[in-house]
Amino acid sequence: MLILYAHGLIVIAFTIRILLRDDLSPTARLAWFIVLNVMPFAGTVVYFLFGEVDLGKRAIRRHDAVFTEIRNHLAAIGGQPDDASGSVDPAYRQAFKYAASINGMKPVDGNRAELLEDATTARARLIEDIDAATDHVHVLYYIWLKDGTGTNVARALIRAAKRGVTCRAMADGHGSRALIRSSLWKEMKDAGVQVATALPLNRPLRVILTSRIDLRNHRKITVIDGRITYCGSQNCADPEFRVKAKYAPWVDIMLRLEGPVVAQNQLLFASDWMQETGERIEAFDLGPPSHETGFTALAMGDGPTERRSATPQLFAAVIGSAQAELTISTPYFVPDPTVVDALCAAIYRGVGVALIFPERNDSWIVSAASRSYYRKLLSAGAKIHEFRDGLLHSKTMTVDGKLCLVGSANIDLRSFDLNYENNILIWDESITGAVRRRQQDYIDRSLSVTLNAVEAWSYPRRIWNNVIATIGPVL
């Protein structure tokens with residue numbers, strides 16, 4: 001009996017805690033209430049492990065110290081958030097102004113980019129650039145496997161370090177845990193590559209007690225000599241992605257960029273590196289010259305230490321700028337109401353909206369939750385396509401053939417609330433056109449989902465999808 005009373009008090013305490021949290025949406029609050037009532041014993045444990053989006057007081061203090069240093073350098077490369085570039089059409093300027101508000105960096109002109117043909121080409125070009133580096137190479141990956149791609153990149157860093165290039169390599173403590181424990185990681189260190197683990201799991205009990213173990217660094221950043229940066233969805237792994245081979249190939253997208261936006265990506269890398277190593281901002285090259293001609297771009301990063309809801313609000317701002325056409329690809333689609341409402345509003349304004357998701361997803365939770373939104377979106381007039389030739393991992397958004405957003409962020413609650421992400425917003429018809437053609441290739445290899453097909457789903461399937469979506473904020 002005492003155990004039941006004690007447990008009842010714990011449930012009440014957690015319920016009060018949930019009601020006191022102003023950062024929770026009503027949807028998330030309802031999801032936790034359901035979990036606590038349906039699974040009263042396990043629910044309290046789940047909330048203790050995963051309920052709070054907090055890195056802990058020490059990490060917050062370190063983050064604040066790092067960004068105090070970084071803000072002192074924003075005047076040189078970032079300017080002020082309200083300095084929206086005059087080269088951007090006024091109809092799309094608000095999207096850039098919102099993106100600028102996230103980190104304090106502004107749109108910068110004079111950039112160039114190349115959309116790489118496929119994953120193999122992207123890694124070949126990256127290794128070629130590393131082999132040509134003369135000053136420094138900085139890489140950060142969420143997943144870095146010890147496969148062909150992962151080993152080849154590691155070997156390229158080792159070669160660069162041996163010829164005197166400063167190499168800094170960072171990998172997420174969970175997504176790259178096998179590599180971090182491997183002899184290859186040690187070989188990189190022994191060769192002079194400076195290595196660091198983002199959000200390490202070497203003290204799991206401390207992480208559990210002070211934070212939550214599933215807060216991850218999901219970024220994919222490469223910066224070479226302060227002149228070249230890569231941005232997109234591709235981790236440091238083969239397309240066959242052997243840890244989940246049955247969903248392969250992973251279909252990704254990568255941009256190779258030059259110009260002042262490189263310094264902005266460098267700053268994002270530096271913020272993570274400084275947080276984990278204590279190194280100072282002066283160690284980083286933050287000032288590549290712009291080209292005489294080139295497009296406007298803006299890099300931005302988000303994470304649990306940044307302003308809450310910045311990523312869904314960014315997506316909503318970009319969606320809201322669409323005048324005629326909006327096309328989105330993402331592997332994980334579990335949006336919050338901000339994004340769903342923005343999509344529906346765009347459709348009702350007359351914008352043609354196309355959404356591309358993988359037919360087979362490596363997460364059964366995401367698969368069910370995603371499909372719970374199909375009926376509403378299709379009824380509004382969206383076109384939904386399910387990619388059939390592997391797991392579409394490409395995260396892209398194109399607007400009117402003029403504006404595009406490419407990066408690491410998915411349209412799901414993990415990217416919105418838990419992960420560190422990086423994206424680049426680009427104003428350029430040439431690059432946007434190239435990304436749009438890539439999206440069309442995805443559509444051509446997809447099955448179109450119709451409203452009639454969704455309405456024919458069985459009641460158990462619809463109930464299952466909606467149950468999973470309801471408790472999605474917990475999962």
# chains A, B, ... in the order shown; residues from 1 in each chain; ligands from 1
$ residues_around --residues "range 356-373 of chain A" --least-positions-apart "5" --cutoff "8 Å" --atoms "only C-alpha atoms" --output "compact mmCIF listing (two decimals) with C-alpha atoms, in the first residue's frame"
# COMPACT_ATOMS: atom_id res chain seq x y z
CA LYS A 244 20.24 -0.45 -41.72
CA TYR A 247 16.24 0.26 -46.32
CA THR A 327 8.19 21.40 -53.06
CA ILE A 328 9.53 19.63 -49.98
CA SER A 329 11.41 16.39 -49.46
CA THR A 330 12.11 14.94 -46.03
CA PRO A 331 12.59 11.42 -44.66
CA TYR A 332 10.87 12.16 -41.35
CA PHE A 333 7.62 14.09 -41.37
CA VAL A 334 6.12 14.60 -37.92
CA ILE A 384 2.02 13.59 -51.73
CA HIS A 385 4.59 11.28 -53.30
CA GLU A 386 6.24 8.26 -51.66
CA PHE A 387 9.73 7.53 -52.98
CA ARG A 388 10.24 3.86 -53.85
CA GLY A 390 15.44 3.35 -51.20
CA LEU A 391 15.18 5.64 -48.20
CA LEU A 392 14.87 9.23 -49.37
CA HIS A 393 17.04 11.03 -46.81
CA TYR A 442 12.48 11.94 -56.71
CA ILE A 443 8.87 12.47 -57.79
CA ARG A 462 -6.11 4.89 -39.19
CA TRP A 464 -2.91 3.21 -35.13
CA ASN A 465 -1.51 6.16 -37.12
CA ASN A 466 -3.45 8.67 -35.03
CA ILE A 468 1.18 7.21 -32.63
CA ALA A 469 0.82 10.83 -33.78
CA GLY A 472 4.50 11.68 -30.92
CA LEU A 475 8.50 9.52 -28.77
$ residues_around --residues "Leu326 in chain A" --least-positions-apart "5" --cutoff "7 Å" --atoms "only C-alpha atoms" --output "PyMOL selection string"
chain A and resi 351-354+398-400
$ select_by_dssp --residues "range 93-305 of chain A" --states "alpha helix (DSSP H)" --output "mmCIF file with N, CA and C atoms, in the first residue's frame"
data_model
loop_
_atom_site.group_PDB
_atom_site.id
_atom_site.type_symbol
_atom_site.label_atom_id
_atom_site.label_comp_id
_atom_site.auth_asym_id
_atom_site.auth_seq_id
_atom_site.Cartn_x
_atom_site.Cartn_y
_atom_site.Cartn_z
ATOM 1 N N ARG A 93 12.020 38.416 -48.582
ATOM 2 C CA ARG A 93 12.966 38.975 -47.617
ATOM 3 C C ARG A 93 12.629 38.596 -46.173
ATOM 4 N N GLN A 94 11.338 38.430 -45.894
ATOM 5 C CA GLN A 94 10.954 38.118 -44.519
ATOM 6 C C GLN A 94 11.488 36.746 -44.090
ATOM 7 N N ALA A 95 11.573 35.816 -45.022
ATOM 8 C CA ALA A 95 12.132 34.504 -44.691
ATOM 9 C C ALA A 95 13.590 34.651 -44.269
ATOM 10 N N PHE A 96 14.347 35.483 -44.987
ATOM 11 C CA PHE A 96 15.746 35.710 -44.617
ATOM 12 C C PHE A 96 15.855 36.446 -43.288
ATOM 13 N N LYS A 97 14.958 37.401 -43.066
ATOM 14 C CA LYS A 97 15.017 38.156 -41.807
ATOM 15 C C LYS A 97 14.728 37.237 -40.622
ATOM 16 N N TYR A 98 13.784 36.311 -40.797
ATOM 17 C CA TYR A 98 13.541 35.380 -39.697
ATOM 18 C C TYR A 98 14.742 34.477 -39.487
ATOM 19 N N ALA A 99 15.305 33.938 -40.571
ATOM 20 C CA ALA A 99 16.476 33.066 -40.445
ATOM 21 C C ALA A 99 17.621 33.794 -39.758
ATOM 22 N N ALA A 100 17.771 35.083 -40.061
ATOM 23 C CA ALA A 100 18.844 35.876 -39.456
ATOM 24 C C ALA A 100 18.667 36.031 -37.955
ATOM 25 N N SER A 101 17.428 35.978 -37.500
ATOM 26 C CA SER A 101 17.165 36.193 -36.071
ATOM 27 C C SER A 101 17.588 35.003 -35.207
ATOM 28 N N ILE A 102 17.814 33.834 -35.823
ATOM 29 C CA ILE A 102 18.103 32.633 -35.037
ATOM 30 C C ILE A 102 19.468 32.720 -34.372
ATOM 31 N N ASN A 103 20.509 33.039 -35.166
ATOM 32 C CA ASN A 103 21.867 33.110 -34.625
ATOM 33 C C ASN A 103 22.467 34.505 -34.657
ATOM 34 N N ALA A 119 25.793 10.620 -53.923
ATOM 35 C CA ALA A 119 26.606 10.443 -52.722
ATOM 36 C C ALA A 119 28.044 10.111 -53.056
ATOM 37 N N THR A 120 28.254 9.275 -54.052
ATOM 38 C CA THR A 120 29.609 8.888 -54.435
ATOM 39 C C THR A 120 30.395 10.086 -54.944
ATOM 40 N N THR A 121 29.766 10.896 -55.777
ATOM 41 C CA THR A 121 30.419 12.100 -56.292
ATOM 42 C C THR A 121 30.727 13.075 -55.168
ATOM 43 N N ALA A 122 29.784 13.228 -54.244
ATOM 44 C CA ALA A 122 29.975 14.162 -53.133
ATOM 45 C C ALA A 122 31.199 13.785 -52.304
ATOM 46 N N ARG A 123 31.327 12.504 -51.975
ATOM 47 C CA ARG A 123 32.461 12.090 -51.154
ATOM 48 C C ARG A 123 33.777 12.162 -51.929
ATOM 49 N N ALA A 124 33.743 11.872 -53.229
ATOM 50 C CA ALA A 124 34.961 11.979 -54.037
ATOM 51 C C ALA A 124 35.449 13.423 -54.087
ATOM 52 N N ARG A 125 34.515 14.368 -54.268
ATOM 53 C CA ARG A 125 34.896 15.788 -54.298
ATOM 54 C C ARG A 125 35.397 16.241 -52.941
ATOM 55 N N LEU A 126 34.743 15.789 -51.868
ATOM 56 C CA LEU A 126 35.171 16.180 -50.533
ATOM 57 C C LEU A 126 36.592 15.694 -50.254
ATOM 58 N N ILE A 127 36.877 14.454 -50.590
ATOM 59 C CA ILE A 127 38.225 13.911 -50.360
ATOM 60 C C ILE A 127 39.239 14.646 -51.233
ATOM 61 N N GLU A 128 38.855 14.975 -52.466
ATOM 62 C CA GLU A 128 39.734 15.757 -53.343
ATOM 63 C C GLU A 128 40.053 17.107 -52.711
ATOM 64 N N ASP A 129 39.042 17.752 -52.129
ATOM 65 C CA ASP A 129 39.267 19.054 -51.472
ATOM 66 C C ASP A 129 40.137 18.905 -50.230
ATOM 67 N N ILE A 130 39.936 17.848 -49.462
ATOM 68 C CA ILE A 130 40.777 17.622 -48.286
ATOM 69 C C ILE A 130 42.221 17.402 -48.708
ATOM 70 N N ASP A 131 42.419 16.628 -49.778
ATOM 71 C CA ASP A 131 43.778 16.367 -50.248
ATOM 72 C C ASP A 131 44.454 17.624 -50.784
ATOM 73 N N ALA A 132 43.654 18.632 -51.185
ATOM 74 C CA ALA A 132 44.223 19.892 -51.678
ATOM 75 C C ALA A 132 44.335 20.950 -50.587
ATOM 76 N N GLY A 148 33.380 2.113 -46.264
ATOM 77 C CA GLY A 148 34.260 2.660 -47.287
ATOM 78 C C GLY A 148 34.354 4.168 -47.230
ATOM 79 N N THR A 149 33.204 4.846 -47.192
ATOM 80 C CA THR A 149 33.193 6.303 -47.140
ATOM 81 C C THR A 149 33.843 6.823 -45.865
ATOM 82 N N GLY A 150 33.439 6.287 -44.718
ATOM 83 C CA GLY A 150 33.971 6.753 -43.447
ATOM 84 C C GLY A 150 35.472 6.551 -43.330
ATOM 85 N N THR A 151 35.947 5.410 -43.788
ATOM 86 C CA THR A 151 37.383 5.125 -43.731
ATOM 87 C C THR A 151 38.157 6.020 -44.691
ATOM 88 N N ASN A 152 37.619 6.236 -45.890
ATOM 89 C CA ASN A 152 38.320 7.074 -46.865
ATOM 90 C C ASN A 152 38.436 8.520 -46.403
ATOM 91 N N VAL A 153 37.386 9.038 -45.773
ATOM 92 C CA VAL A 153 37.455 10.403 -45.241
ATOM 93 C C VAL A 153 38.471 10.465 -44.106
ATOM 94 N N ALA A 154 38.468 9.474 -43.230
ATOM 95 C CA ALA A 154 39.437 9.427 -42.139
ATOM 96 C C ALA A 154 40.866 9.387 -42.676
ATOM 97 N N ARG A 155 41.104 8.569 -43.709
ATOM 98 C CA ARG A 155 42.439 8.474 -44.302
ATOM 99 C C ARG A 155 42.859 9.800 -44.930
ATOM 100 N N ALA A 156 41.893 10.505 -45.554
ATOM 101 C CA ALA A 156 42.211 11.813 -46.138
ATOM 102 C C ALA A 156 42.608 12.804 -45.055
ATOM 103 N N LEU A 157 41.924 12.776 -43.911
ATOM 104 C CA LEU A 157 42.283 13.657 -42.792
ATOM 105 C C LEU A 157 43.664 13.299 -42.253
ATOM 106 N N ILE A 158 43.966 12.020 -42.176
ATOM 107 C CA ILE A 158 45.283 11.585 -41.700
ATOM 108 C C ILE A 158 46.373 12.093 -42.641
ATOM 109 N N ARG A 159 46.145 11.977 -43.948
ATOM 110 C CA ARG A 159 47.130 12.484 -44.923
ATOM 111 C C ARG A 159 47.320 13.986 -44.760
ATOM 112 N N ALA A 160 46.206 14.714 -44.580
ATOM 113 C CA ALA A 160 46.299 16.170 -44.429
ATOM 114 C C ALA A 160 47.057 16.546 -43.166
ATOM 115 N N ALA A 161 46.750 15.876 -42.070
ATOM 116 C CA ALA A 161 47.428 16.184 -40.806
ATOM 117 C C ALA A 161 48.921 15.922 -40.911
ATOM 118 N N LYS A 162 49.304 14.859 -41.598
ATOM 119 C CA LYS A 162 50.722 14.507 -41.719
ATOM 120 C C LYS A 162 51.505 15.522 -42.548
ATOM 121 N N ARG A 177 29.176 6.237 -32.396
ATOM 122 C CA ARG A 177 29.807 5.592 -31.250
ATOM 123 C C ARG A 177 30.760 4.465 -31.642
ATOM 124 N N ALA A 178 30.431 3.713 -32.706
ATOM 125 C CA ALA A 178 31.305 2.604 -33.105
ATOM 126 C C ALA A 178 32.645 3.126 -33.611
ATOM 127 N N LEU A 179 32.624 4.199 -34.400
ATOM 128 C CA LEU A 179 33.872 4.769 -34.892
ATOM 129 C C LEU A 179 34.706 5.339 -33.752
ATOM 130 N N ILE A 180 34.060 6.045 -32.834
ATOM 131 C CA ILE A 180 34.779 6.699 -31.738
ATOM 132 C C ILE A 180 35.512 5.677 -30.880
ATOM 133 N N SER A 183 39.779 1.508 -33.653
ATOM 134 C CA SER A 183 41.210 1.765 -33.851
ATOM 135 C C SER A 183 41.421 2.874 -34.876
ATOM 136 N N LEU A 184 40.480 3.071 -35.809
ATOM 137 C CA LEU A 184 40.619 4.122 -36.813
ATOM 138 C C LEU A 184 40.583 5.507 -36.165
ATOM 139 N N TRP A 185 39.707 5.694 -35.190
ATOM 140 C CA TRP A 185 39.644 6.971 -34.454
ATOM 141 C C TRP A 185 40.972 7.236 -33.747
ATOM 142 N N LYS A 186 41.526 6.185 -33.133
ATOM 143 C CA LYS A 186 42.825 6.304 -32.456
ATOM 144 C C LYS A 186 43.933 6.594 -33.467
ATOM 145 N N GLU A 187 43.854 5.973 -34.628
ATOM 146 C CA GLU A 187 44.852 6.218 -35.666
ATOM 147 C C GLU A 187 44.807 7.678 -36.119
ATOM 148 N N MET A 188 43.596 8.234 -36.217
ATOM 149 C CA MET A 188 43.472 9.647 -36.570
ATOM 150 C C MET A 188 44.148 10.517 -35.516
ATOM 151 N N LYS A 189 43.881 10.239 -34.249
ATOM 152 C CA LYS A 189 44.507 11.009 -33.156
ATOM 153 C C LYS A 189 46.023 10.897 -33.202
ATOM 154 N N ASP A 190 46.512 9.683 -33.385
ATOM 155 C CA ASP A 190 47.961 9.468 -33.402
ATOM 156 C C ASP A 190 48.632 10.182 -34.567
ATOM 157 N N PRO A 204 27.077 7.934 -18.805
ATOM 158 C CA PRO A 204 25.622 7.862 -19.047
ATOM 159 C C PRO A 204 24.786 8.182 -17.825
ATOM 160 N N LEU A 205 25.234 7.776 -16.621
ATOM 161 C CA LEU A 205 24.453 8.055 -15.420
ATOM 162 C C LEU A 205 24.340 9.550 -15.186
ATOM 163 N N ARG A 206 25.451 10.260 -15.375
ATOM 164 C CA ARG A 206 25.426 11.714 -15.200
ATOM 165 C C ARG A 206 24.515 12.362 -16.237
ATOM 166 N N VAL A 207 24.578 11.860 -17.489
ATOM 167 C CA VAL A 207 23.711 12.402 -18.533
ATOM 168 C C VAL A 207 22.247 12.193 -18.160
ATOM 169 N N ILE A 208 21.920 11.000 -17.675
ATOM 170 C CA ILE A 208 20.536 10.684 -17.311
ATOM 171 C C ILE A 208 20.055 11.572 -16.174
ATOM 172 N N LEU A 209 20.930 11.828 -15.207
ATOM 173 C CA LEU A 209 20.534 12.597 -14.030
ATOM 174 C C LEU A 209 20.448 14.101 -14.307
ATOM 175 N N THR A 210 21.255 14.596 -15.250
ATOM 176 C CA THR A 210 21.320 16.040 -15.471
ATOM 177 C C THR A 210 20.710 16.500 -16.784
ATOM 178 N N VAL A 261 29.389 32.676 -47.020
ATOM 179 C CA VAL A 261 28.572 31.762 -46.227
ATOM 180 C C VAL A 261 29.436 30.670 -45.601
ATOM 181 N N VAL A 262 30.630 30.437 -46.153
ATOM 182 C CA VAL A 262 31.564 29.465 -45.578
ATOM 183 C C VAL A 262 31.916 29.865 -44.147
ATOM 184 N N ALA A 263 32.143 31.162 -43.921
ATOM 185 C CA ALA A 263 32.501 31.629 -42.578
ATOM 186 C C ALA A 263 31.355 31.403 -41.596
ATOM 187 N N GLN A 264 30.129 31.499 -42.080
ATOM 188 C CA GLN A 264 28.986 31.256 -41.197
ATOM 189 C C GLN A 264 28.918 29.785 -40.798
ATOM 190 N N ASN A 265 29.156 28.873 -41.742
ATOM 191 C CA ASN A 265 29.214 27.459 -41.395
ATOM 192 C C ASN A 265 30.400 27.171 -40.481
ATOM 193 N N GLN A 266 31.501 27.867 -40.731
ATOM 194 C CA GLN A 266 32.674 27.737 -39.860
ATOM 195 C C GLN A 266 32.327 28.124 -38.432
ATOM 196 N N LEU A 267 31.532 29.165 -38.291
ATOM 197 C CA LEU A 267 31.137 29.626 -36.967
ATOM 198 C C LEU A 267 30.273 28.592 -36.252
ATOM 199 N N LEU A 268 29.400 27.929 -36.987
ATOM 200 C CA LEU A 268 28.590 26.874 -36.380
ATOM 201 C C LEU A 268 29.472 25.719 -35.912
ATOM 202 N N PHE A 269 30.431 25.323 -36.758
ATOM 203 C CA PHE A 269 31.363 24.276 -36.341
ATOM 204 C C PHE A 269 32.126 24.726 -35.103
ATOM 205 N N ALA A 270 32.620 25.962 -35.127
ATOM 206 C CA ALA A 270 33.407 26.470 -34.005
ATOM 207 C C ALA A 270 32.601 26.458 -32.708
ATOM 208 N N SER A 271 31.317 26.783 -32.782
ATOM 209 C CA SER A 271 30.501 26.813 -31.567
ATOM 210 C C SER A 271 30.429 25.436 -30.918
ATOM 211 N N ASP A 272 30.302 24.391 -31.737
ATOM 212 C CA ASP A 272 30.259 23.032 -31.188
ATOM 213 C C ASP A 272 31.634 22.594 -30.693
ATOM 214 N N TRP A 273 32.662 22.920 -31.446
ATOM 215 C CA TRP A 273 34.022 22.527 -31.065
ATOM 216 C C TRP A 273 34.440 23.210 -29.763
ATOM 217 N N MET A 274 34.177 24.484 -29.660
ATOM 218 C CA MET A 274 34.533 25.226 -28.449
ATOM 219 C C MET A 274 33.801 24.681 -27.240
ATOM 220 N N GLN A 275 32.536 24.309 -27.431
ATOM 221 C CA GLN A 275 31.729 23.783 -26.334
ATOM 222 C C GLN A 275 32.346 22.514 -25.757
ATOM 223 N N GLU A 276 32.886 21.647 -26.630
ATOM 224 C CA GLU A 276 33.404 20.357 -26.178
ATOM 225 C C GLU A 276 34.879 20.412 -25.775
ATOM 226 N N THR A 277 35.658 21.337 -26.358
ATOM 227 C CA THR A 277 37.111 21.317 -26.143
ATOM 228 C C THR A 277 37.649 22.485 -25.332
#
$ select_by_dssp --residues "range 411-471 of chain A" --states "strand (DSSP E)" --output "PyMOL selection string"
chain A and resi 421-427+446-449
$ residues_around --residues "Gly173 in chain A" --least-positions-apart "5" --cutoff "10 Å" --atoms "only C-alpha atoms" --output "mmCIF file with N, CA and C atoms, in the first residue's frame"
data_model
loop_
_atom_site.group_PDB
_atom_site.id
_atom_site.type_symbol
_atom_site.label_atom_id
_atom_site.label_comp_id
_atom_site.auth_asym_id
_atom_site.auth_seq_id
_atom_site.Cartn_x
_atom_site.Cartn_y
_atom_site.Cartn_z
ATOM 1 N N TYR A 142 26.960 13.611 -37.704
ATOM 2 C CA TYR A 142 26.141 12.875 -36.751
ATOM 3 C C TYR A 142 26.473 11.384 -36.819
ATOM 4 N N ILE A 143 26.446 10.825 -38.018
ATOM 5 C CA ILE A 143 26.796 9.416 -38.210
ATOM 6 C C ILE A 143 28.060 9.334 -39.045
ATOM 7 N N ALA A 178 30.431 3.713 -32.706
ATOM 8 C CA ALA A 178 31.305 2.604 -33.105
ATOM 9 C C ALA A 178 32.645 3.126 -33.611
ATOM 10 N N LEU A 179 32.624 4.199 -34.400
ATOM 11 C CA LEU A 179 33.872 4.769 -34.892
ATOM 12 C C LEU A 179 34.706 5.339 -33.752
ATOM 13 N N ILE A 180 34.060 6.045 -32.834
ATOM 14 C CA ILE A 180 34.779 6.699 -31.738
ATOM 15 C C ILE A 180 35.512 5.677 -30.880
ATOM 16 N N ARG A 181 34.970 4.454 -30.801
ATOM 17 C CA ARG A 181 35.613 3.403 -30.014
ATOM 18 C C ARG A 181 36.606 2.577 -30.828
ATOM 19 N N ALA A 196 37.155 15.237 -31.354
ATOM 20 C CA ALA A 196 36.281 15.564 -30.227
ATOM 21 C C ALA A 196 34.950 14.853 -30.426
ATOM 22 N N THR A 197 34.309 14.550 -29.314
ATOM 23 C CA THR A 197 33.006 13.882 -29.349
ATOM 24 C C THR A 197 31.931 14.871 -28.949
ATOM 25 N N ALA A 198 30.944 15.026 -29.815
ATOM 26 C CA ALA A 198 29.811 15.896 -29.508
ATOM 27 C C ALA A 198 28.816 15.146 -28.631
ATOM 28 N N LEU A 199 28.450 15.743 -27.512
ATOM 29 C CA LEU A 199 27.500 15.148 -26.579
ATOM 30 C C LEU A 199 27.904 13.708 -26.237
ATOM 31 N N PRO A 200 29.072 13.535 -25.608
ATOM 32 C CA PRO A 200 29.592 12.189 -25.336
ATOM 33 C C PRO A 200 28.721 11.410 -24.362
ATOM 34 N N LEU A 201 28.797 10.087 -24.478
ATOM 35 C CA LEU A 201 28.026 9.192 -23.621
ATOM 36 C C LEU A 201 28.942 8.397 -22.693
ATOM 37 N N ASN A 202 30.113 8.951 -22.392
ATOM 38 C CA ASN A 202 31.054 8.227 -21.538
ATOM 39 C C ASN A 202 30.642 8.235 -20.066
ATOM 40 N N ARG A 216 20.946 15.024 -29.371
ATOM 41 C CA ARG A 216 22.049 14.664 -30.246
ATOM 42 C C ARG A 216 22.475 15.821 -31.130
ATOM 43 N N ASN A 217 23.727 15.759 -31.601
ATOM 44 C CA ASN A 217 24.230 16.705 -32.595
ATOM 45 C C ASN A 217 24.062 16.068 -33.968
#
$ residues_around --residues "Ala409 in chain A" --least-positions-apart "5" --cutoff "7 Å" --atoms "only C-alpha atoms" --output "PDB file with C-alpha atoms, in the first residue's frame"
ATOM      1  CA  LYS A 395      16.000  17.377 -46.756  1.00  0.00           C
ATOM      2  CA  SER A 415      14.781  18.269 -35.293  1.00  0.00           C
ATOM      3  CA  GLU A 421      20.895  21.076 -36.864  1.00  0.00           C
ATOM      4  CA  ASN A 422      22.387  23.226 -39.628  1.00  0.00           C
ATOM      5  CA  ASN A 423      20.771  24.572 -42.807  1.00  0.00           C
TER       6      ASN A 423
END
$ closest_residue --among "A:Leu145, A:Ala191, A:Ala283, A:Ile347" --to "Ser176 in chain A" --atoms "only C-alpha atoms"
A:Leu145
$ closest_residue --among "A:Met39, A:Met254, A:Ala324, A:Val11" --to "Cys231 in chain A" --atoms "only C-alpha atoms"
A:Met254
$ atom_distance --atom1 "CA of Gln313 in chain A" --atom2 "CA of Thr338 in chain A"
6.9 Å
$ residues_around --residues "range 218-224 of chain A" --least-positions-apart "3" --cutoff "6 Å" --atoms "only C-alpha atoms" --output "list in words"
His136, Val137, His138, Val139, Leu140, Tyr141, Tyr142, Ile228, Thr229, Tyr230, Ser408, Asn419, Tyr420, Glu421 and Asn422 of chain A
$ closest_residue --among "A:Phe284, A:Trp427, A:Phe295, A:Phe315" --to "Pro260 in chain A" --atoms "only C-alpha atoms"
A:Phe295
$ atom_distance --atom1 "CA of Ser309 in chain A" --atom2 "CA of Pro337 in chain A"
11.3 Å
$ residues_around --residues "Ala345 in chain A" --least-positions-apart "6" --cutoff "10 Å" --atoms "only C-alpha atoms" --output "number ranges by chain"
A: 319-320, 339, 351, 380
$ residues_around --residues "range 249-253 of chain A" --least-positions-apart "5" --cutoff "9 Å" --atoms "only C-alpha atoms" --output "list in words"
Leu115, Leu116, Glu117, Asp118, Ala119, Ala122, Cys231, Gly232, Ser233, Gln234, Asn235, Asp238, Pro239, Glu240, Phe241, Asp389, Gly390, Leu391, Leu392, His393, Ser394, Lys395, Thr396, Val406, Gly407, Val435 and Arg438 of chain A
$ write_last_selection --atoms "N, CA and C atoms" --output "short mmCIF file (atom, residue, chain, number, x, y, z; two decimals), in the first residue's frame"
data_model
loop_
_atom_site.label_atom_id
_atom_site.label_comp_id
_atom_site.auth_asym_id
_atom_site.auth_seq_id
_atom_site.Cartn_x
_atom_site.Cartn_y
_atom_site.Cartn_z
N LEU A 115 25.58 21.74 -57.03
CA LEU A 115 24.81 20.59 -56.55
C LEU A 115 25.49 19.33 -57.05
N LEU A 116 25.93 18.48 -56.13
CA LEU A 116 26.69 17.29 -56.50
C LEU A 116 25.75 16.18 -56.94
N GLU A 117 26.22 15.39 -57.89
CA GLU A 117 25.36 14.46 -58.62
C GLU A 117 24.75 13.39 -57.72
N ASP A 118 25.57 12.81 -56.83
CA ASP A 118 25.10 11.74 -55.96
C ASP A 118 26.06 11.60 -54.80
N ALA A 119 25.79 10.62 -53.92
CA ALA A 119 26.61 10.44 -52.72
C ALA A 119 28.04 10.11 -53.06
N ALA A 122 29.78 13.23 -54.24
CA ALA A 122 29.97 14.16 -53.13
C ALA A 122 31.20 13.79 -52.30
N CYS A 231 27.24 21.31 -47.44
CA CYS A 231 26.02 21.32 -46.63
C CYS A 231 24.98 20.42 -47.29
N GLY A 232 24.29 19.64 -46.48
CA GLY A 232 23.25 18.77 -47.00
C GLY A 232 22.88 17.70 -46.00
N SER A 233 22.35 16.61 -46.52
CA SER A 233 21.78 15.58 -45.65
C SER A 233 22.70 14.38 -45.44
N GLN A 234 23.82 14.32 -46.17
CA GLN A 234 24.62 13.10 -46.19
C GLN A 234 25.54 12.98 -44.98
N ASN A 235 25.42 11.88 -44.26
CA ASN A 235 26.35 11.55 -43.20
C ASN A 235 27.63 11.00 -43.82
N ASP A 238 28.49 5.11 -46.42
CA ASP A 238 28.14 4.65 -47.76
C ASP A 238 26.63 4.74 -47.96
N PRO A 239 26.17 4.91 -49.21
CA PRO A 239 24.73 4.90 -49.47
C PRO A 239 24.06 3.59 -49.05
N GLU A 240 24.84 2.50 -49.02
CA GLU A 240 24.28 1.21 -48.61
C GLU A 240 23.94 1.18 -47.12
N PHE A 241 24.52 2.08 -46.35
CA PHE A 241 24.21 2.28 -44.94
C PHE A 241 24.00 0.94 -44.23
N ASP A 389 12.64 4.03 -54.39
CA ASP A 389 13.96 3.48 -54.71
C ASP A 389 14.94 3.65 -53.56
N GLY A 390 14.57 3.20 -52.37
CA GLY A 390 15.44 3.35 -51.20
C GLY A 390 14.85 4.31 -50.20
N LEU A 391 15.65 4.69 -49.22
CA LEU A 391 15.18 5.64 -48.20
C LEU A 391 15.59 7.05 -48.60
N LEU A 392 14.62 7.83 -48.99
CA LEU A 392 14.87 9.23 -49.37
C LEU A 392 15.24 10.01 -48.11
N HIS A 393 16.52 10.36 -48.00
CA HIS A 393 17.04 11.03 -46.81
C HIS A 393 17.31 12.51 -47.06
N SER A 394 17.00 12.97 -48.26
CA SER A 394 17.27 14.34 -48.68
C SER A 394 16.29 15.30 -48.02
N LYS A 395 16.83 16.36 -47.41
CA LYS A 395 16.00 17.38 -46.76
C LYS A 395 16.07 18.66 -47.59
N THR A 396 15.05 18.93 -48.36
CA THR A 396 15.07 20.07 -49.27
C THR A 396 13.73 20.80 -49.25
N VAL A 406 18.39 23.93 -47.78
CA VAL A 406 19.01 22.61 -47.78
C VAL A 406 19.79 22.48 -46.48
N GLY A 407 19.79 21.28 -45.90
CA GLY A 407 20.57 21.08 -44.68
C GLY A 407 20.31 19.76 -44.02
N VAL A 435 18.18 22.09 -57.61
CA VAL A 435 17.57 21.33 -56.52
C VAL A 435 16.16 20.91 -56.90
N ARG A 438 16.26 17.95 -59.07
CA ARG A 438 16.53 16.76 -58.27
C ARG A 438 15.25 16.30 -57.57
#
